[in-house]
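Text of upload-v7.txt (compact mmCIF, C-alpha atoms) as supplied:
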# COMPACT_ATOMS: atom_id res chain seq x y z
CA MET C 146 -8.07 3.00 -8.04
CA LYS C 147 -5.93 0.34 -6.42
CA THR C 148 -6.23 -0.31 -2.70
CA ILE C 149 -3.31 -0.96 -0.36
CA THR C 150 -4.35 -3.03 2.63
CA THR C 151 -1.89 -3.16 5.51
CA MET C 152 -2.58 -6.31 7.52
CA TYR C 153 -0.55 -7.15 10.60
CA PHE C 154 -0.36 -9.16 13.80
CA SER C 155 1.68 -6.99 16.14
CA PRO C 156 1.43 -7.54 19.92
CA THR C 157 4.35 -5.20 20.71
CA GLY C 158 3.95 -2.84 17.76
CA THR C 159 7.05 -3.71 15.75
CA SER C 160 5.33 -5.54 12.87
CA ARG C 161 2.79 -2.72 12.60
CA LYS C 162 5.54 -0.11 12.20
CA ILE C 163 7.35 -2.07 9.50
CA SER C 164 4.15 -2.90 7.60
CA GLU C 165 3.00 0.72 7.62
CA ALA C 166 6.40 1.89 6.36
CA ILE C 167 6.23 -0.57 3.45
CA ALA C 168 2.72 0.59 2.59
CA ASP C 169 3.90 4.22 2.75
CA GLY C 170 6.56 3.38 0.18
CA ILE C 171 4.01 1.83 -2.16
CA ALA C 172 1.55 4.69 -1.67
CA GLY C 173 4.17 7.28 -2.57
CA ALA C 174 4.26 5.93 -6.11
CA GLY C 175 0.71 6.95 -6.98
CA THR C 176 -2.84 7.49 -5.80
CA PHE C 177 -4.12 4.62 -3.70
CA GLU C 178 -6.89 3.99 -1.24
CA ARG C 179 -5.48 2.86 2.13
CA LYS C 180 -6.98 0.26 4.45
CA ARG C 181 -5.67 -1.32 7.65
CA ILE C 182 -6.53 -4.64 9.24
CA ASP C 183 -5.10 -5.23 12.71
CA LEU C 184 -5.13 -8.97 13.46
CA THR C 185 -3.75 -8.53 16.96
CA LYS C 186 -7.10 -8.93 18.75
CA PRO C 187 -9.25 -12.11 18.47
CA PRO C 188 -12.34 -10.56 16.78
CA ALA C 189 -10.30 -9.52 13.73
CA ARG C 190 -8.81 -13.00 13.45
CA GLU C 191 -12.28 -14.54 13.31
CA LYS C 192 -13.31 -12.72 10.13
CA GLN C 193 -12.90 -13.76 6.51
CA TYR C 194 -10.95 -11.52 4.14
CA GLU C 195 -11.04 -11.48 0.34
CA PHE C 196 -8.93 -9.47 -2.12
CA GLY C 197 -9.06 -8.90 -5.85
CA THR C 198 -6.78 -7.92 -8.70
CA GLU C 199 -6.99 -4.22 -7.80
CA ASP C 200 -5.78 -4.86 -4.26
CA ILE C 201 -2.24 -4.86 -2.90
CA LEU C 202 -1.71 -6.70 0.38
CA VAL C 203 1.09 -5.80 2.79
CA LEU C 204 1.28 -8.49 5.46
CA GLY C 205 3.48 -8.20 8.55
CA TYR C 206 3.95 -10.54 11.49
CA PRO C 207 6.51 -11.39 14.19
CA VAL C 208 8.66 -14.50 13.96
CA TYR C 209 8.07 -17.03 16.73
CA GLY C 210 10.75 -19.73 16.84
CA GLY C 211 11.60 -19.28 13.16
CA ARG C 212 7.98 -19.73 12.05
CA VAL C 213 4.79 -17.80 11.38
CA PRO C 214 2.96 -17.47 14.73
CA ALA C 215 0.64 -20.43 15.22
CA VAL C 216 -2.19 -18.08 16.15
CA LEU C 217 -2.11 -16.75 12.57
CA GLN C 218 -2.30 -20.10 10.80
CA ASN C 219 -6.08 -20.24 10.44
CA VAL C 220 -6.29 -16.59 9.45
CA LEU C 221 -3.71 -16.88 6.67
CA CYS C 222 -5.15 -20.18 5.46
CA GLY C 223 -8.51 -18.44 5.15
CA LEU C 224 -7.33 -15.42 3.13
CA LYS C 225 -8.68 -15.35 -0.42
CA GLY C 226 -6.96 -13.53 -3.27
CA THR C 227 -7.43 -13.32 -7.01
CA ALA C 228 -3.91 -13.07 -8.43
CA THR C 229 -3.47 -10.41 -5.75
CA PRO C 230 0.04 -8.94 -5.39
CA ALA C 231 1.42 -9.11 -1.87
CA VAL C 232 4.44 -7.89 0.08
CA LEU C 233 5.56 -9.85 3.14
CA ALA C 234 7.38 -8.61 6.23
CA ALA C 235 8.64 -10.99 8.91
CA VAL C 236 9.95 -9.21 12.01
CA TYR C 237 12.36 -11.13 14.25
CA GLY C 238 14.24 -10.40 17.45
CA ASN C 239 17.80 -10.24 16.04
CA ARG C 240 18.35 -14.03 16.26
CA ASP C 241 17.04 -15.56 13.01
CA TYR C 242 13.85 -15.69 10.97
CA GLU C 243 14.58 -19.15 9.52
CA ASP C 244 11.46 -20.41 7.68
CA ALA C 245 9.01 -17.63 8.61
CA LEU C 246 9.11 -15.81 5.27
CA LEU C 247 8.88 -18.96 3.17
CA GLU C 248 6.00 -20.29 5.26
CA GLY C 249 4.14 -17.00 4.92
CA GLN C 250 4.71 -16.98 1.18
CA ASP C 251 3.42 -20.56 0.86
CA LEU C 252 0.29 -19.79 2.88
CA LEU C 253 -0.52 -16.77 0.73
CA ALA C 254 0.18 -18.64 -2.51
CA GLU C 255 -2.37 -21.27 -1.51
CA GLY C 256 -4.95 -18.51 -1.13
CA GLY C 257 -4.40 -16.94 -4.53
CA PHE C 258 -1.78 -14.28 -3.79
CA THR C 259 1.55 -13.61 -5.47
CA VAL C 260 4.30 -12.48 -3.11
CA LEU C 261 6.38 -10.26 -5.37
CA ALA C 262 8.50 -8.66 -2.63
CA ALA C 263 9.44 -9.50 0.94
CA GLY C 264 11.70 -8.51 3.78
CA ALA C 265 13.01 -9.80 7.09
CA PHE C 266 13.29 -6.97 9.61
CA ILE C 267 14.49 -6.68 13.18
CA GLY C 268 12.42 -5.71 16.20
CA GLU C 269 13.35 -5.57 19.85
CA HIS C 270 13.18 -9.11 21.19
CA SER C 271 10.15 -10.02 23.25
CA TYR C 272 12.25 -11.40 26.12
CA SER C 273 15.05 -8.84 26.26
CA ALA C 274 15.31 -5.09 25.71
CA LYS C 275 19.05 -5.60 25.11
CA VAL C 276 18.54 -7.72 21.99
CA GLY C 277 17.49 -5.64 19.01
CA ALA C 278 17.20 -2.68 21.38
CA GLY C 279 15.07 0.12 19.99
CA ARG C 280 14.39 -1.68 16.72
CA PRO C 281 12.87 -1.01 14.32
CA ASP C 282 14.74 2.28 14.22
CA ALA C 283 14.84 5.03 11.60
CA GLU C 284 17.16 3.02 9.34
CA ASP C 285 14.87 -0.01 9.52
CA LEU C 286 11.81 2.05 8.63
CA GLN C 287 13.68 3.63 5.74
CA ALA C 288 14.60 0.16 4.46
CA ALA C 289 10.95 -0.90 4.78
CA GLU C 290 9.76 2.15 2.87
CA SER C 291 12.37 1.46 0.19
CA LEU C 292 11.03 -2.08 -0.14
CA GLY C 293 7.58 -0.61 -0.72
CA ILE C 294 8.90 1.72 -3.41
CA LYS C 295 10.58 -1.18 -5.22
CA ALA C 296 7.41 -3.29 -4.93
CA ALA C 297 5.39 -0.44 -6.44
CA GLU C 298 7.84 -0.27 -9.36
CA LYS C 299 7.33 -3.99 -10.03
CA ILE C 300 3.56 -3.61 -9.93
CA SER C 301 3.66 -0.58 -12.22
CA ALA C 302 5.80 -2.52 -14.71
CA GLY C 303 3.42 -5.47 -14.64
CA ASP C 304 6.11 -7.67 -13.09
CA TYR C 305 4.10 -10.07 -10.94
CA LEU C 306 6.69 -12.84 -10.75
CA GLU C 307 6.91 -14.49 -7.35
CA VAL C 308 10.04 -13.54 -5.46
CA ALA C 309 12.42 -16.16 -4.06
CA VAL C 310 12.92 -15.92 -0.29
CA LYS C 311 15.09 -17.78 2.18
CA GLY C 312 13.78 -20.78 4.07
CA ASN C 313 13.47 -24.55 4.00
CA ARG C 314 10.78 -27.12 3.39
CA PRO C 315 9.81 -28.92 5.48
CA TYR C 316 9.77 -26.03 7.92
CA LYS C 317 11.54 -26.32 11.23
CA ASP C 318 9.57 -27.89 14.05
CA PRO C 319 7.40 -25.39 15.94
CA MET C 320 8.42 -24.32 19.41
CA PRO C 321 7.06 -26.61 22.13
CA ASP C 322 4.30 -25.18 24.28
CA MET C 323 5.65 -23.53 27.40
CA PRO C 324 3.00 -23.22 30.12
CA PHE C 325 4.39 -20.04 31.65
CA THR C 326 2.94 -16.59 32.19
CA PRO C 327 4.48 -13.28 33.29
CA LYS C 328 4.53 -12.39 36.97
CA ILE C 329 3.42 -9.08 38.44
CA THR C 330 4.85 -6.80 41.14
CA GLU C 331 3.24 -4.44 43.62
CA ALA C 332 4.06 -1.60 41.23
CA CYS C 333 0.90 -2.53 39.28
CA THR C 334 -1.69 0.28 39.43
CA GLY C 335 -4.49 -1.73 37.87
CA CYS C 336 -4.61 0.50 34.77
CA GLY C 337 -5.77 -2.42 32.64
CA LEU C 338 -3.44 -1.80 29.70
CA CYS C 339 -2.09 -5.35 29.85
CA ALA C 340 -5.58 -6.84 29.65
CA GLU C 341 -6.61 -4.42 26.92
CA ASN C 342 -3.55 -5.15 24.74
CA CYS C 343 -3.28 -8.91 25.26
CA PRO C 344 -3.67 -10.49 21.79
CA MET C 345 -5.29 -13.56 23.32
CA GLN C 346 -7.49 -11.62 25.78
CA VAL C 347 -6.55 -13.97 28.63
CA ILE C 348 -5.58 -11.38 31.26
CA SER C 349 -8.21 -10.48 33.85
CA ARG C 350 -9.13 -6.78 33.79
CA GLU C 351 -10.13 -6.90 37.45
CA ASN C 352 -7.06 -8.86 38.55
CA PRO C 353 -4.09 -8.39 36.17
CA ALA C 354 -2.14 -11.07 38.04
CA GLN C 355 -4.65 -13.64 36.77
CA ILE C 356 -3.75 -14.96 33.32
CA ASN C 357 -5.96 -17.71 31.95
CA THR C 358 -5.03 -20.53 29.57
CA GLY C 359 -3.93 -19.38 26.13
CA CYS C 360 -0.93 -17.11 26.74
CA ILE C 361 1.38 -17.19 23.70
CA LEU C 362 4.36 -15.62 25.55
CA CYS C 363 4.37 -12.60 23.22
CA SER C 364 5.40 -10.26 26.08
CA ALA C 365 2.96 -7.52 25.06
CA CYS C 366 1.92 -7.11 28.70
CA VAL C 367 5.57 -6.91 29.79
CA LYS C 368 6.65 -4.44 27.10
CA LEU C 369 3.61 -2.17 27.31
CA CYS C 370 3.26 -1.89 31.10
CA PRO C 371 3.86 1.80 32.02
CA GLN C 372 4.95 0.77 35.54
CA GLN C 373 7.20 -2.10 34.39
CA ALA C 374 5.22 -4.27 36.78
CA LYS C 375 5.15 -7.38 34.58
CA TYR C 376 8.20 -9.63 34.25
CA TRP C 377 9.30 -13.17 33.41
CA ASP C 378 10.70 -15.48 36.08
CA ALA C 379 10.23 -18.92 34.48
CA GLU C 380 13.64 -20.61 34.29
CA PRO C 381 13.35 -21.77 30.64
CA ILE C 382 12.57 -18.23 29.50
CA LEU C 383 15.36 -16.77 31.62
CA LYS C 384 17.76 -19.25 30.00
CA ILE C 385 16.60 -18.19 26.54
CA LYS C 386 17.05 -14.55 27.55
CA GLN C 387 20.58 -15.23 28.76
CA MET C 388 21.44 -17.08 25.56
CA LEU C 389 20.10 -14.23 23.42
CA GLU C 390 21.99 -11.59 25.38
CA THR C 391 25.19 -13.65 25.08
CA LYS C 392 25.05 -14.53 21.39
CA PHE C 393 22.71 -12.16 19.56
CA VAL C 394 23.30 -8.57 20.61
CA GLU C 395 25.37 -7.65 17.53
CA ARG C 396 23.27 -5.60 15.15
CA LYS C 397 21.75 -7.38 12.17
CA GLU C 398 20.38 -5.58 9.14
CA PRO C 399 17.15 -6.12 7.22
CA GLU C 400 17.21 -8.62 4.36
CA ILE C 401 15.26 -7.57 1.29
CA PHE C 402 13.91 -9.84 -1.46
CA ILE C 403 12.68 -8.16 -4.61
If you took the structure in this file and wrote it as structure tokens, what would it be?
Amino acid sequence: MKTITTMYFSPTGTSRKISEAIADGIAGAGTFERKRIDLTKPPAREKQYEFGTEDILVLGYPVYGGRVPAVLQNVLCGLKGTATPAVLAAVYGNRDYEDALLEGQDLLAEGGFTVLAAGAFIGEHSYSAKVGAGRPDAEDLQAAESLGIKAAEKISAGDYLEVAVKGNRPYKDPMPDMPFTPKITEACTGCGLCAENCPMQVISRENPAQINTGCILCSACVKLCPQQAKYWDAEPILKIKQMLETKFVERKEPEIFI
């Protein structure tokens, strides 16, 4: 029996939703064992993962500045496959995904995987609820499931040819480090959800206003706060937010490569 492993890094939940929908599409084509590997927390990113010919990997991640998140580099470089078929999903905030799919494909190829299907999907932007608002929505999830169905058809037919995706080599320069962290208001109740869900585990559970070195500006603490007590006030981020809300509010659709 083949095994579908859904692997994702998903601080705000969008990459998880898309990855699971793709895996659902594959699973609908037959009888498969299902596994899930959530790379969002540090302990999971410190492990080694190996896959064989009977495995199918579905890998999803957010796009940060047109690239694979830097925090995933070591994890993806360490993945080991044995001619293992893979499906990639890059989730971006309605601006552009640029080289993120190609980079992910290259990293998997180096580890012994064949990316035979891929997709670029839209999620609500980390810095603005107005950009990609409510995405992924029902149409996005349907497109993701359809990608999984088509990937399953290729696997069933023995078609393991690598798919061509958009992107450029060399990849675009990574985003410069921005030493900013979200601020907090008096609305904070100290529930600890921000500390619990921080993918870098740099938020103090006892004092949520204290954020130690290592924040990757993913906005998980801002998006997931039930009191909306976390917010950004750093001028560079506010300028990015304004630019996004001025130029990138028009709906974009998923791009599928099969």
Closest contacts (region 203-280 of chain C/region 154-163 of chain C, max 10 Å, all atoms listed in the file) as a tab-separated table:
residue	atom	partner	partner_atom	distance
C:Val203	CA	C:Ile163	CA	9.9
C:Leu204	CA	C:Phe154	CA	8.5
C:Gly205	CA	C:Ser160	CA	5.4
C:Tyr206	CA	C:Phe154	CA	5.1
C:Pro207	CA	C:Ser160	CA	6.1
C:Val208	CA	C:Ser160	CA	9.6
C:Pro214	CA	C:Phe154	CA	9.0
C:Val216	CA	C:Phe154	CA	9.4
C:Leu217	CA	C:Phe154	CA	7.9
C:Ala234	CA	C:Ile163	CA	7.3
C:Ala235	CA	C:Ser160	CA	7.5
C:Val236	CA	C:Ser160	CA	6.0
C:Tyr237	CA	C:Ser160	CA	9.1
C:Gly238	CA	C:Thr159	CA	10.0
C:Gly264	CA	C:Ile163	CA	9.6
C:Ala265	CA	C:Ile163	CA	9.9
C:Phe266	CA	C:Ile163	CA	7.7
C:Ile267	CA	C:Thr159	CA	8.4
C:Gly268	CA	C:Thr159	CA	5.7
C:Glu269	CA	C:Thr159	CA	7.7
C:His270	CA	C:Thr157	CA	9.7
C:Ser271	CA	C:Thr157	CA	8.0
C:Gly279	CA	C:Thr159	CA	9.8
C:Arg280	CA	C:Thr159	CA	7.7
Neighbour list for region 302-310 of chain C as a short mmCIF file (atom, residue, chain, number, x, y, z; two decimals) with C-alpha atoms, in the frame of the given file, cut-off 9 Å, all atoms listed in the file, skip fewer than 4 positions in-chain:
data_model
loop_
_atom_site.label_atom_id
_atom_site.label_comp_id
_atom_site.auth_asym_id
_atom_site.auth_seq_id
_atom_site.Cartn_x
_atom_site.Cartn_y
_atom_site.Cartn_z
CA ALA C 228 -3.91 -13.07 -8.43
CA PRO C 230 0.04 -8.94 -5.39
CA LEU C 246 9.11 -15.81 5.27
CA LEU C 247 8.88 -18.96 3.17
CA GLN C 250 4.71 -16.98 1.18
CA THR C 259 1.55 -13.61 -5.47
CA VAL C 260 4.30 -12.48 -3.11
CA LEU C 261 6.38 -10.26 -5.37
CA ALA C 262 8.50 -8.66 -2.63
CA ALA C 263 9.44 -9.50 0.94
CA GLY C 264 11.70 -8.51 3.78
CA ALA C 297 5.39 -0.44 -6.44
CA GLU C 298 7.84 -0.27 -9.36
CA ILE C 401 15.26 -7.57 1.29
CA PHE C 402 13.91 -9.84 -1.46
CA ILE C 403 12.68 -8.16 -4.61
#
Practice item. Determine the nearest neighbour of Ala288 (chain C) from the options C:Leu389, C:Cys363, C:Ala166, C:Ala245, counting only C-alpha atoms. Key: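 Using only C-alpha atoms, Ala288 (chain C) sits closest to C:Ala166.
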Exercise for review: Compile the contact shell of Glu380 (chain C) as JSON, numbers by chain: residues with an atom at most 12 Å away, counting only C-alpha atoms, same-chain residues fewer than 4 positions apart removed.
Suggested key: {"C": [323, 324, 325, 326, 327, 384, 385, 386, 387]}
**Study point:** Distance of CA of Ser364 (chain C) from CA of Leu338 (chain C), expressed in Å to one decimal place
**Key:**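 Computed distance, CA of Leu338 (chain C) to CA of Ser364 (chain C), equals 12.8 Å.
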Point to revise | Residue neighbourhood region 355-359 of chain C, 8 Å, all atoms listed in the file, exclusion window fewer than 5 positions, as a list in words | key: Thr326, Met345, Val347, Ile348 and Ser349 of chain C
Revision key, fill the gap. In terms of all atoms listed in the file, the residue from C:Gly175, C:Ile167, C:Gly277, C:Gly223 at minimal distance from Val394 (chain C) is C:Gly277
Review point. Of the residues C:Ala215, C:Leu184, C:Ile201, C:Met388, which is the one nearest to Met320 (chain C), using only C-alpha atoms?
Key: C:Ala215
Practice item. Would you please work out which residue, of C:Pro188, C:Gly293, C:Gly337, C:Gly256, is nearest to Gln372 (chain C) when using all atoms listed in the file? Key: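 Checking each of C:Pro188, C:Gly293, C:Gly337, C:Gly256 against Gln372 (chain C), counting all atoms listed in the file, the winner is C:Gly337.
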